[in-house]
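Chemist: Following this line is upload09.cif, made up of mmCIF, C-alpha atoms:
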data_structure
loop_
_atom_site.group_PDB
_atom_site.id
_atom_site.type_symbol
_atom_site.label_atom_id
_atom_site.label_comp_id
_atom_site.auth_asym_id
_atom_site.auth_seq_id
_atom_site.Cartn_x
_atom_site.Cartn_y
_atom_site.Cartn_z
ATOM 1 C CA MET A 1 0.000 0.000 0.000
ATOM 2 C CA SER A 2 1.297 3.452 -0.905
ATOM 3 C CA ILE A 3 2.248 5.732 1.989
ATOM 4 C CA PHE A 4 1.478 8.792 -0.127
ATOM 5 C CA ARG A 5 -1.823 10.625 -0.123
ATOM 6 C CA SER A 6 -3.545 11.762 -3.289
ATOM 7 C CA LYS A 7 -5.751 14.334 -1.585
ATOM 8 C CA GLU A 8 -4.468 17.713 -0.440
ATOM 9 C CA LEU A 9 -5.673 18.619 3.064
ATOM 10 C CA PRO A 10 -6.203 22.226 4.227
ATOM 11 C CA GLY A 11 -2.884 22.232 6.087
ATOM 12 C CA ASP A 12 -1.092 20.968 2.981
ATOM 13 C CA LYS A 13 -2.621 23.753 0.896
ATOM 14 C CA ALA A 14 -1.517 26.419 3.372
ATOM 15 C CA HIS A 15 1.995 24.983 3.321
ATOM 16 C CA ARG A 16 2.098 24.936 -0.496
ATOM 17 C CA VAL A 17 0.930 28.559 -0.709
ATOM 18 C CA ALA A 18 3.575 29.587 1.832
ATOM 19 C CA LEU A 19 6.249 27.832 -0.244
ATOM 20 C CA LEU A 20 5.151 29.692 -3.365
ATOM 21 C CA LYS A 21 5.135 33.046 -1.586
ATOM 22 C CA GLN A 22 8.621 32.473 -0.173
ATOM 23 C CA ALA A 23 10.081 30.904 -3.335
ATOM 24 C CA ARG A 24 13.768 31.514 -3.951
ATOM 25 C CA PHE A 25 14.675 32.543 -7.504
ATOM 26 C CA GLU A 26 17.919 31.360 -9.100
ATOM 27 C CA VAL A 27 19.600 33.675 -11.625
ATOM 28 C CA ILE A 28 22.741 33.479 -13.768
ATOM 29 C CA PRO A 29 25.286 36.353 -13.902
ATOM 30 C CA LEU A 30 24.910 37.142 -17.606
ATOM 31 C CA LYS A 31 24.250 40.459 -19.376
ATOM 32 C CA ASN A 32 20.723 39.443 -20.367
ATOM 33 C CA LEU A 33 19.720 39.419 -16.687
ATOM 34 C CA ALA A 34 19.792 43.215 -16.318
ATOM 35 C CA ALA A 35 16.437 43.759 -18.052
ATOM 36 C CA GLN A 36 14.841 41.066 -15.879
ATOM 37 C CA LEU A 37 16.000 42.257 -12.462
ATOM 38 C CA PRO A 38 13.120 44.776 -12.025
ATOM 39 C CA PHE A 39 10.640 41.879 -12.121
ATOM 40 C CA LEU A 40 12.029 40.288 -8.954
ATOM 41 C CA PRO A 41 9.544 40.699 -6.102
ATOM 42 C CA ALA A 42 10.674 43.088 -3.386
ATOM 43 C CA ALA A 43 12.998 41.602 -0.770
ATOM 44 C CA SER A 44 13.251 38.287 -2.635
ATOM 45 C CA GLU A 45 15.785 35.624 -1.764
ATOM 46 C CA VAL A 46 17.882 35.299 -4.922
ATOM 47 C CA SER A 47 20.299 32.466 -5.562
ATOM 48 C CA VAL A 48 23.232 33.463 -7.819
ATOM 49 C CA THR A 49 24.883 30.681 -9.823
ATOM 50 C CA ALA A 50 28.569 30.004 -10.353
ATOM 51 C CA SER A 51 29.577 28.846 -13.822
ATOM 52 C CA PRO A 52 33.047 27.909 -15.136
ATOM 53 C CA ALA A 53 32.223 30.164 -18.109
ATOM 54 C CA LYS A 54 32.238 33.096 -15.657
ATOM 55 C CA SER A 55 34.164 33.705 -12.430
ATOM 56 C CA LEU A 56 33.319 33.472 -8.743
ATOM 57 C CA GLN A 57 33.895 37.216 -8.579
ATOM 58 C CA ASP A 58 31.079 37.635 -11.124
ATOM 59 C CA THR A 59 28.829 35.730 -8.719
ATOM 60 C CA TRP A 60 29.926 37.930 -5.809
ATOM 61 C CA SER A 61 29.484 41.145 -7.852
ATOM 62 C CA LEU A 62 25.919 40.273 -8.854
ATOM 63 C CA SER A 63 25.165 39.336 -5.251
ATOM 64 C CA ARG A 64 26.331 42.798 -4.144
ATOM 65 C CA GLU A 65 24.108 44.441 -6.787
ATOM 66 C CA LEU A 66 21.098 42.425 -5.616
ATOM 67 C CA SER A 67 21.759 43.396 -2.003
ATOM 68 C CA LYS A 68 21.758 47.083 -2.986
ATOM 69 C CA MET A 69 18.348 46.472 -4.602
ATOM 70 C CA GLY A 70 16.990 45.236 -1.264
ATOM 71 C CA MET A 71 17.180 41.531 -2.134
ATOM 72 C CA LYS A 72 18.718 38.771 -0.054
ATOM 73 C CA PRO A 73 21.510 37.302 -2.214
ATOM 74 C CA ILE A 74 22.694 33.722 -1.809
ATOM 75 C CA PRO A 75 25.892 33.289 -3.838
ATOM 76 C CA HIS A 76 26.833 29.848 -5.117
ATOM 77 C CA LEU A 77 30.338 28.721 -4.227
ATOM 78 C CA ALA A 78 31.602 26.079 -6.662
ATOM 79 C CA ALA A 79 34.319 23.941 -5.086
ATOM 80 C CA ARG A 80 36.089 23.126 -8.353
ATOM 81 C CA MET A 81 36.359 26.833 -9.271
ATOM 82 C CA ILE A 82 38.269 27.818 -6.110
ATOM 83 C CA THR A 83 41.959 28.397 -6.847
ATOM 84 C CA GLY A 84 43.129 27.848 -3.271
ATOM 85 C CA GLN A 85 42.609 28.591 0.404
ATOM 86 C CA ASP A 86 43.641 32.237 -0.014
ATOM 87 C CA GLN A 87 40.846 32.847 -2.522
ATOM 88 C CA LEU A 88 38.390 30.935 -0.351
ATOM 89 C CA ARG A 89 39.346 33.044 2.667
ATOM 90 C CA MET A 90 38.917 36.236 0.617
ATOM 91 C CA LEU A 91 35.483 35.198 -0.680
ATOM 92 C CA ILE A 92 34.241 34.289 2.797
ATOM 93 C CA ASP A 93 35.573 37.557 4.211
ATOM 94 C CA GLN A 94 33.726 39.513 1.490
ATOM 95 C CA LEU A 95 30.314 38.048 2.295
ATOM 96 C CA PRO A 96 29.265 40.743 4.820
ATOM 97 C CA ASP A 97 30.284 43.438 2.297
ATOM 98 C CA ILE A 98 27.999 41.984 -0.390
ATOM 99 C CA GLY A 99 25.099 41.610 2.047
ATOM 100 C CA ALA A 100 25.202 37.823 2.235
ATOM 101 C CA SER A 101 25.023 35.683 5.355
ATOM 102 C CA GLU A 102 24.281 32.467 3.469
ATOM 103 C CA LEU A 103 26.071 30.356 0.855
ATOM 104 C CA PHE A 104 24.928 27.648 -1.511
ATOM 105 C CA LEU A 105 27.768 25.167 -1.832
ATOM 106 C CA VAL A 106 28.121 23.084 -5.005
ATOM 107 C CA GLY A 107 30.791 20.872 -6.497
ATOM 108 C CA GLY A 108 30.722 22.763 -9.786
ATOM 109 C CA ASP A 109 30.844 21.877 -13.473
ATOM 110 C CA ALA A 110 34.487 22.730 -14.223
ATOM 111 C CA PRO A 111 35.955 19.698 -16.031
ATOM 112 C CA GLU A 112 39.142 20.022 -13.967
ATOM 113 C CA PRO A 113 39.526 21.687 -10.542
ATOM 114 C CA PHE A 114 41.001 25.194 -10.645
ATOM 115 C CA GLY A 115 42.828 24.415 -7.396
ATOM 116 C CA PRO A 116 43.020 21.856 -4.566
ATOM 117 C CA PHE A 117 39.285 21.290 -4.041
ATOM 118 C CA ASN A 118 37.650 18.384 -5.842
ATOM 119 C CA ASP A 119 34.258 18.408 -4.130
ATOM 120 C CA SER A 120 32.033 20.464 -1.871
ATOM 121 C CA ILE A 121 32.700 18.403 1.281
ATOM 122 C CA GLN A 122 36.351 19.456 1.219
ATOM 123 C CA VAL A 123 35.338 23.113 0.977
ATOM 124 C CA LEU A 124 32.659 22.785 3.645
ATOM 125 C CA GLU A 125 35.180 21.320 6.099
ATOM 126 C CA VAL A 126 37.572 24.230 5.511
ATOM 127 C CA ILE A 127 34.860 26.889 5.801
ATOM 128 C CA LEU A 128 33.525 25.467 9.039
ATOM 129 C CA GLY A 129 37.045 25.582 10.453
ATOM 130 C CA MET A 130 37.385 29.278 9.572
ATOM 131 C CA LYS A 131 36.200 32.355 11.366
ATOM 132 C CA HIS A 132 33.085 33.389 9.456
ATOM 133 C CA GLU A 133 29.741 35.144 9.817
ATOM 134 C CA LEU A 134 27.656 32.575 7.934
ATOM 135 C CA THR A 135 24.312 31.678 9.460
ATOM 136 C CA HIS A 136 23.207 29.154 6.821
ATOM 137 C CA ILE A 137 24.765 26.925 4.162
ATOM 138 C CA GLY A 138 22.772 25.136 1.463
ATOM 139 C CA VAL A 139 23.997 21.966 -0.228
ATOM 140 C CA THR A 140 22.909 20.004 -3.300
ATOM 141 C CA ALA A 141 20.789 16.854 -3.557
ATOM 142 C CA TYR A 142 20.025 14.646 -6.555
ATOM 143 C CA PRO A 143 16.667 12.782 -6.579
ATOM 144 C CA ASP A 144 17.265 11.708 -10.181
ATOM 145 C CA GLY A 145 20.901 10.771 -9.675
ATOM 146 C CA HIS A 146 23.983 12.253 -11.316
ATOM 147 C CA SER A 147 25.610 11.378 -14.631
ATOM 148 C CA PHE A 148 29.080 11.105 -13.107
ATOM 149 C CA ILE A 149 28.515 10.034 -9.470
ATOM 150 C CA ASP A 150 27.048 6.804 -8.056
ATOM 151 C CA SER A 151 23.756 7.217 -6.180
ATOM 152 C CA GLU A 152 25.110 5.610 -3.007
ATOM 153 C CA VAL A 153 28.036 8.029 -3.012
ATOM 154 C CA LEU A 154 25.614 10.930 -3.446
ATOM 155 C CA SER A 155 23.583 9.772 -0.462
ATOM 156 C CA GLU A 156 26.625 9.274 1.752
ATOM 157 C CA SER A 157 27.907 12.712 0.772
ATOM 158 C CA LEU A 158 24.587 14.363 1.638
ATOM 159 C CA HIS A 159 24.499 12.735 5.068
ATOM 160 C CA LYS A 160 28.122 13.702 5.714
ATOM 161 C CA LYS A 161 27.350 17.340 4.868
ATOM 162 C CA GLU A 162 24.407 17.242 7.254
ATOM 163 C CA ALA A 163 26.650 15.876 10.027
ATOM 164 C CA LEU A 164 29.273 18.567 9.408
ATOM 165 C CA LEU A 165 26.670 21.331 9.549
ATOM 166 C CA LYS A 166 25.060 19.903 12.681
ATOM 167 C CA GLY A 167 28.431 19.573 14.392
ATOM 168 C CA SER A 168 29.287 23.197 13.637
ATOM 169 C CA GLY A 169 25.936 24.631 14.688
ATOM 170 C CA VAL A 170 25.375 26.232 11.263
ATOM 171 C CA GLU A 171 21.854 25.889 9.870
ATOM 172 C CA GLY A 172 21.468 24.284 6.466
ATOM 173 C CA HIS A 173 19.201 22.801 3.835
ATOM 174 C CA ALA A 174 19.492 20.605 0.751
ATOM 175 C CA ALA A 175 18.187 21.937 -2.573
ATOM 176 C CA THR A 176 17.315 19.340 -5.180
ATOM 177 C CA GLN A 177 18.558 19.487 -8.738
ATOM 178 C CA MET A 178 15.920 19.430 -11.469
ATOM 179 C CA CYS A 179 13.789 16.297 -11.633
ATOM 180 C CA PHE A 180 10.501 16.095 -13.542
ATOM 181 C CA ASP A 181 9.099 12.883 -12.076
ATOM 182 C CA PRO A 182 7.078 13.404 -8.856
ATOM 183 C CA ARG A 183 7.293 9.678 -8.080
ATOM 184 C CA THR A 184 11.077 9.769 -8.226
ATOM 185 C CA ILE A 185 11.170 12.748 -5.860
ATOM 186 C CA ARG A 186 8.746 11.077 -3.436
ATOM 187 C CA THR A 187 10.653 7.809 -3.404
ATOM 188 C CA TRP A 188 14.078 9.427 -3.090
ATOM 189 C CA LEU A 189 13.090 11.737 -0.247
ATOM 190 C CA SER A 190 11.131 9.126 1.695
ATOM 191 C CA GLU A 191 14.136 6.777 1.487
ATOM 192 C CA GLU A 192 16.516 9.510 2.649
ATOM 193 C CA ARG A 193 14.208 10.305 5.563
ATOM 194 C CA LYS A 194 14.228 6.608 6.516
ATOM 195 C CA ARG A 195 18.026 6.746 6.465
ATOM 196 C CA GLY A 196 17.894 9.573 8.989
ATOM 197 C CA LEU A 197 18.182 12.706 6.857
ATOM 198 C CA LYS A 198 16.775 15.633 8.824
ATOM 199 C CA LEU A 199 17.866 18.539 6.611
ATOM 200 C CA PRO A 200 15.022 20.700 5.297
ATOM 201 C CA ILE A 201 14.536 20.236 1.563
ATOM 202 C CA HIS A 202 14.189 23.033 -0.983
ATOM 203 C CA LEU A 203 12.550 21.499 -4.035
ATOM 204 C CA GLY A 204 14.268 22.520 -7.279
ATOM 205 C CA VAL A 205 11.647 23.575 -9.829
ATOM 206 C CA PRO A 206 12.325 25.028 -13.308
ATOM 207 C CA GLY A 207 10.353 28.230 -13.825
ATOM 208 C CA ALA A 208 8.189 29.186 -16.786
ATOM 209 C CA VAL A 209 10.912 28.925 -19.422
ATOM 210 C CA GLU A 210 10.635 29.601 -23.159
ATOM 211 C CA ARG A 211 12.582 27.136 -25.281
ATOM 212 C CA THR A 212 14.251 29.714 -27.521
ATOM 213 C CA LYS A 213 15.453 31.700 -24.528
ATOM 214 C CA LEU A 214 16.800 28.563 -22.897
ATOM 215 C CA LEU A 215 18.881 27.939 -26.010
ATOM 216 C CA SER A 216 20.216 31.499 -25.909
ATOM 217 C CA ILE A 217 21.262 31.008 -22.284
ATOM 218 C CA GLY A 218 23.179 27.909 -23.347
ATOM 219 C CA ALA A 219 24.997 29.902 -26.003
ATOM 220 C CA ARG A 220 25.927 32.633 -23.534
ATOM 221 C CA LEU A 221 27.318 30.090 -21.079
ATOM 222 C CA GLY A 222 29.751 28.912 -23.743
ATOM 223 C CA VAL A 223 30.000 25.683 -25.698
ATOM 224 C CA GLY A 224 31.896 23.728 -23.061
ATOM 225 C CA ALA A 225 29.597 24.646 -20.183
ATOM 226 C CA SER A 226 26.515 24.082 -22.329
ATOM 227 C CA LEU A 227 27.657 20.617 -23.387
ATOM 228 C CA ARG A 228 28.338 19.643 -19.781
ATOM 229 C CA PHE A 229 24.895 20.884 -18.782
ATOM 230 C CA LEU A 230 23.314 18.977 -21.664
ATOM 231 C CA LYS A 231 25.128 15.761 -20.757
ATOM 232 C CA LYS A 232 23.918 15.945 -17.170
ATOM 233 C CA ASN A 233 20.386 17.121 -17.959
ATOM 234 C CA ARG A 234 19.252 15.355 -21.134
ATOM 235 C CA ALA A 235 15.981 14.142 -19.615
ATOM 236 C CA THR A 236 15.305 17.566 -18.124
ATOM 237 C CA LEU A 237 15.763 19.355 -21.424
ATOM 238 C CA ALA A 238 13.667 16.765 -23.267
ATOM 239 C CA ARG A 239 10.756 17.560 -20.943
ATOM 240 C CA MET A 240 11.256 21.297 -21.340
ATOM 241 C CA PHE A 241 11.348 21.015 -25.134
ATOM 242 C CA ALA A 242 8.348 18.690 -25.399
ATOM 243 C CA PRO A 243 5.321 19.833 -27.448
ATOM 244 C CA GLY A 244 3.270 22.321 -25.464
ATOM 245 C CA GLY A 245 6.235 23.418 -23.385
ATOM 246 C CA TYR A 246 6.855 22.978 -19.685
ATOM 247 C CA ASP A 247 4.391 23.887 -16.925
ATOM 248 C CA PRO A 248 5.885 23.926 -13.379
ATOM 249 C CA ASP A 249 2.469 23.031 -11.960
ATOM 250 C CA LYS A 250 2.750 19.601 -13.601
ATOM 251 C CA LEU A 251 5.534 18.799 -11.173
ATOM 252 C CA LEU A 252 4.187 20.508 -8.069
ATOM 253 C CA ARG A 253 0.538 19.490 -8.264
ATOM 254 C CA PRO A 254 1.095 15.720 -7.758
ATOM 255 C CA LEU A 255 3.439 16.463 -4.842
ATOM 256 C CA ASN A 256 1.147 18.912 -3.052
ATOM 257 C CA PRO A 257 -0.164 16.409 -0.460
ATOM 258 C CA GLU A 258 3.376 15.318 0.489
ATOM 259 C CA LEU A 259 5.304 18.594 0.512
ATOM 260 C CA LYS A 260 4.755 19.201 4.219
ATOM 261 C CA SER A 261 5.026 15.621 5.464
ATOM 262 C CA LEU A 262 8.295 15.032 3.591
ATOM 263 C CA GLY A 263 9.899 18.149 5.027
ATOM 264 C CA VAL A 264 9.939 20.304 1.887
ATOM 265 C CA GLU A 265 10.430 23.751 3.400
ATOM 266 C CA GLY A 266 11.326 25.795 0.341
ATOM 267 C CA LEU A 267 11.143 26.099 -3.439
ATOM 268 C CA HIS A 268 14.342 26.742 -5.397
ATOM 269 C CA VAL A 269 13.088 28.064 -8.735
ATOM 270 C CA PHE A 270 15.460 27.900 -11.708
ATOM 271 C CA THR A 271 14.571 30.987 -13.774
ATOM 272 C CA PHE A 272 17.256 30.665 -16.494
ATOM 273 C CA ASN A 273 17.082 34.492 -16.271
ATOM 274 C CA GLN A 274 13.450 34.475 -17.416
ATOM 275 C CA VAL A 275 12.371 36.211 -14.256
ATOM 276 C CA GLN A 276 9.244 37.971 -15.532
ATOM 277 C CA SER A 277 7.528 34.838 -16.854
ATOM 278 C CA THR A 278 8.591 32.802 -13.831
ATOM 279 C CA VAL A 279 7.296 35.348 -11.311
ATOM 280 C CA THR A 280 4.055 35.634 -13.299
ATOM 281 C CA TRP A 281 3.616 31.854 -13.073
ATOM 282 C CA ARG A 282 4.346 31.968 -9.322
ATOM 283 C CA ASP A 283 1.829 34.762 -8.728
ATOM 284 C CA GLU A 284 -0.855 32.978 -10.771
ATOM 285 C CA ALA A 285 -0.229 29.739 -8.871
ATOM 286 C CA ILE A 286 -0.747 31.591 -5.603
ATOM 287 C CA ALA A 287 -3.922 33.296 -6.871
ATOM 288 C CA GLY A 288 -5.261 29.982 -8.176
ATOM 289 C CA SER A 289 -4.833 28.388 -4.788
#
Can you present the structure in this file as structure tokens?

Modeler:
Amino acid sequence: MSIFRSKELPGDKAHRVALLKQARFEVIPLKNLAAQLPFLPAASEVSVTASPAKSLQDTWSLSRELSKMGMKPIPHLAARMITGQDQLRMLIDQLPDIGASELFLVGGDAPEPFGPFNDSIQVLEVILGMKHELTHIGVTAYPDGHSFIDSEVLSESLHKKEALLKGSGVEGHAATQMCFDPRTIRTWLSEERKRGLKLPIHLGVPGAVERTKLLSIGARLGVGASLRFLKKNRATLARMFAPGGYDPDKLLRPLNPELKSLGVEGLHVFTFNQVQSTVTWRDEAIAGS
């Protein structure tokens, strides 16, 4: 017998609406973002990506700009893009100046490490041993697996990150990478909860993305970065390019009854810099509730 409910109860609905209202929007530090920034809701939490086609300083610079706009920036720190401990120390020291008290830590898509760090656990251990003013660190999770990393290794890594955060007293969460199958998300998260995972989950949801604009983003990221993204996200892109396009509600609606019980405490919305259409979808989803 399935442990999942098909009917959304009043408490589930209130939780879903709260998630939509507090959704975090992910943006990419590219020139085409400038025209979209005015469409961010006031005081939004905005996650700023790190791409090997750009630099970590680009991520920090955009985070500073967002802070000046009254947003709460969450810069991504990609382990494989860090050149060494001196750069890491500098980036951590700059966080108060760019208005950030939170990081989102990722391994990164660079084909070869820029320095000594191969994965995010190594960086997390160093950061937690530093003097810092961080109050929260987000980490990645992969319901649909990873093209290059075994699923058991991914699970062990997630639990180790949770233990490191708990031992340091720093709050944290795990944000899921894109997955379009509600059943896969349910099964993955219920299994991780059985294994003792207590971290709050931020469900990764692609926003209302136009196919032609998604292609232009890929071009701006550069051929190498785009090919790596494509290799890791073939199924994702196939869904987004399917006839009729992609509707975020098709992912969220089947999960509505389980969002609260499975400990989903946030939405991490991938805008691909299409902020206006994504925020419009979010607002309509709230109004339709």

Chemist: I would like the residues chosen by the PyMOL selection byres ((chain A and resi 207) around 9) on the shown file; could you give them as a PDB file with C-alpha atoms, in the coordinates of the input?

Modeler:
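Okay, part-v5.pdb is ready:
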ATOM      1  CA  PHE A  25      14.675  32.543  -7.504  1.00  0.00           C
ATOM      2  CA  VAL A 205      11.647  23.575  -9.829  1.00  0.00           C
ATOM      3  CA  PRO A 206      12.325  25.028 -13.308  1.00  0.00           C
ATOM      4  CA  ALA A 208       8.189  29.186 -16.786  1.00  0.00           C
ATOM      5  CA  VAL A 209      10.912  28.925 -19.422  1.00  0.00           C
ATOM      6  CA  TYR A 246       6.855  22.978 -19.685  1.00  0.00           C
ATOM      7  CA  ASP A 247       4.391  23.887 -16.925  1.00  0.00           C
ATOM      8  CA  PRO A 248       5.885  23.926 -13.379  1.00  0.00           C
ATOM      9  CA  VAL A 269      13.088  28.064  -8.735  1.00  0.00           C
ATOM     10  CA  PHE A 270      15.460  27.900 -11.708  1.00  0.00           C
ATOM     11  CA  THR A 271      14.571  30.987 -13.774  1.00  0.00           C
ATOM     12  CA  PHE A 272      17.256  30.665 -16.494  1.00  0.00           C
ATOM     13  CA  GLN A 274      13.450  34.475 -17.416  1.00  0.00           C
ATOM     14  CA  VAL A 275      12.371  36.211 -14.256  1.00  0.00           C
ATOM     15  CA  SER A 277       7.528  34.838 -16.854  1.00  0.00           C
ATOM     16  CA  THR A 278       8.591  32.802 -13.831  1.00  0.00           C
ATOM     17  CA  VAL A 279       7.296  35.348 -11.311  1.00  0.00           C
ATOM     18  CA  TRP A 281       3.616  31.854 -13.073  1.00  0.00           C
ATOM     19  CA  ARG A 282       4.346  31.968  -9.322  1.00  0.00           C
TER      20      ARG A 282
END

Chemist: Please list as a VMD selection string every residue within 10 Å of stretch 41-58 of chain A, counting all atoms listed in the file and excluding residues in the same chain fewer than 4 positions away.

Modeler: chain A and resid 21 to 30 37 62 to 64 66 to 67 69 to 82 87 91 102 to 106 108 to 111 114 220 to 226 268 to 270 275 to 276 279

Chemist: Excluding A:His132 and its own-chain neighbours fewer than 5 positions away, which residues fall within 10 Å of it when counting all atoms listed in the file? Please give them as an mmCIF file with C-alpha atoms, in the frame of the given file.

Modeler:
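Generated output (around30.cif):
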data_model
loop_
_atom_site.group_PDB
_atom_site.id
_atom_site.type_symbol
_atom_site.label_atom_id
_atom_site.label_comp_id
_atom_site.auth_asym_id
_atom_site.auth_seq_id
_atom_site.Cartn_x
_atom_site.Cartn_y
_atom_site.Cartn_z
ATOM 1 C CA ARG A 89 39.346 33.044 2.667
ATOM 2 C CA ILE A 92 34.241 34.289 2.797
ATOM 3 C CA ASP A 93 35.573 37.557 4.211
ATOM 4 C CA LEU A 95 30.314 38.048 2.295
ATOM 5 C CA PRO A 96 29.265 40.743 4.820
ATOM 6 C CA SER A 101 25.023 35.683 5.355
ATOM 7 C CA ILE A 127 34.860 26.889 5.801
#

Chemist: Would you mind reading off the distance between atom CA of A:Ala141 and atom CA of A:Leu158, one decimal, in Å?

Modeler: 6.9 Å

Chemist: Atom CA of A:Ile185 to atom CA of A:Thr135: how many Å, to one decimal?

Modeler: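 Distance reported for this atom pair: 27.7 Å.
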
Chemist: Could you tell me which residues the PyMOL selection byres ((chain A and resi 289) around 8) grabs in this file, written as a list in words?

Modeler: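 When the PyMOL selection byres ((chain A and resi 289) around 8) is applied to the shown file, the picked residues are Lys13, Val17, Ala285, Ile286, Ala287 and Gly288 of chain A.
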
Chemist: In Å, rounded to a single decimal, give me how far atom CA of A:Lys166 is from atom CA of A:Leu267.

Modeler: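 So the two atoms, atom CA of A:Leu267 and atom CA of A:Lys166, lie 22.2 Å apart.
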
Chemist: Counting only C-alpha atoms, what is within 6 Å of A:Thr140, bar same-chain residues fewer than 2 positions away, as a list in words?

Modeler: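 Close residues of A:Thr140: Ala174, Ala175 and Thr176 of chain A.
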
Chemist: Can you list, as a PyMOL selection string, every protein, DNA or RNA residue that comes within 9 Å of A:Asp12 when you count all atoms listed in the file, leaving out same-chain residues fewer than 6 positions away?

Modeler: chain A and resi 256-261

Chemist: Suppose a student applies the PyMOL selection byres ((chain A and resi 172) around 6) to this structure; what residues should they get, written as a PyMOL selection string?

Modeler: chain A and resi 136-138+171+173

Chemist: Which of these residues is nearest to A:Gly204, using all atoms listed in the file: A:Leu128, A:Asp97, A:Glu192, A:Leu19?

Modeler: A:Leu19

Chemist: Taking into account only C-alpha atoms, which residue in the set A:Lys68, A:Lys160, A:His15, A:His146 is nearest to A:Gly266?

Modeler: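 Checking each of A:Lys68, A:Lys160, A:His15, A:His146 against A:Gly266, counting only C-alpha atoms, the winner is A:His15.
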
Chemist: Emit as JSON the padded axis-aligned box for all listed atoms of stretch 135-145 of chain A, 3 Å per side, with centre and edge lengths in Å to one decimal.

Modeler:
{"center_x": 20.7, "center_y": 21.2, "center_z": -0.4, "size_x": 14.1, "size_y": 26.9, "size_z": 25.6}

Chemist: Contacts of A:Gly196 at 12 Å or less, counting all atoms listed in the file, minus same-chain residues fewer than 4 places along, as JSON, numbers by chain?

Modeler: {"A": [155, 156, 158, 159, 160, 162, 163, 189, 190, 191, 192]}
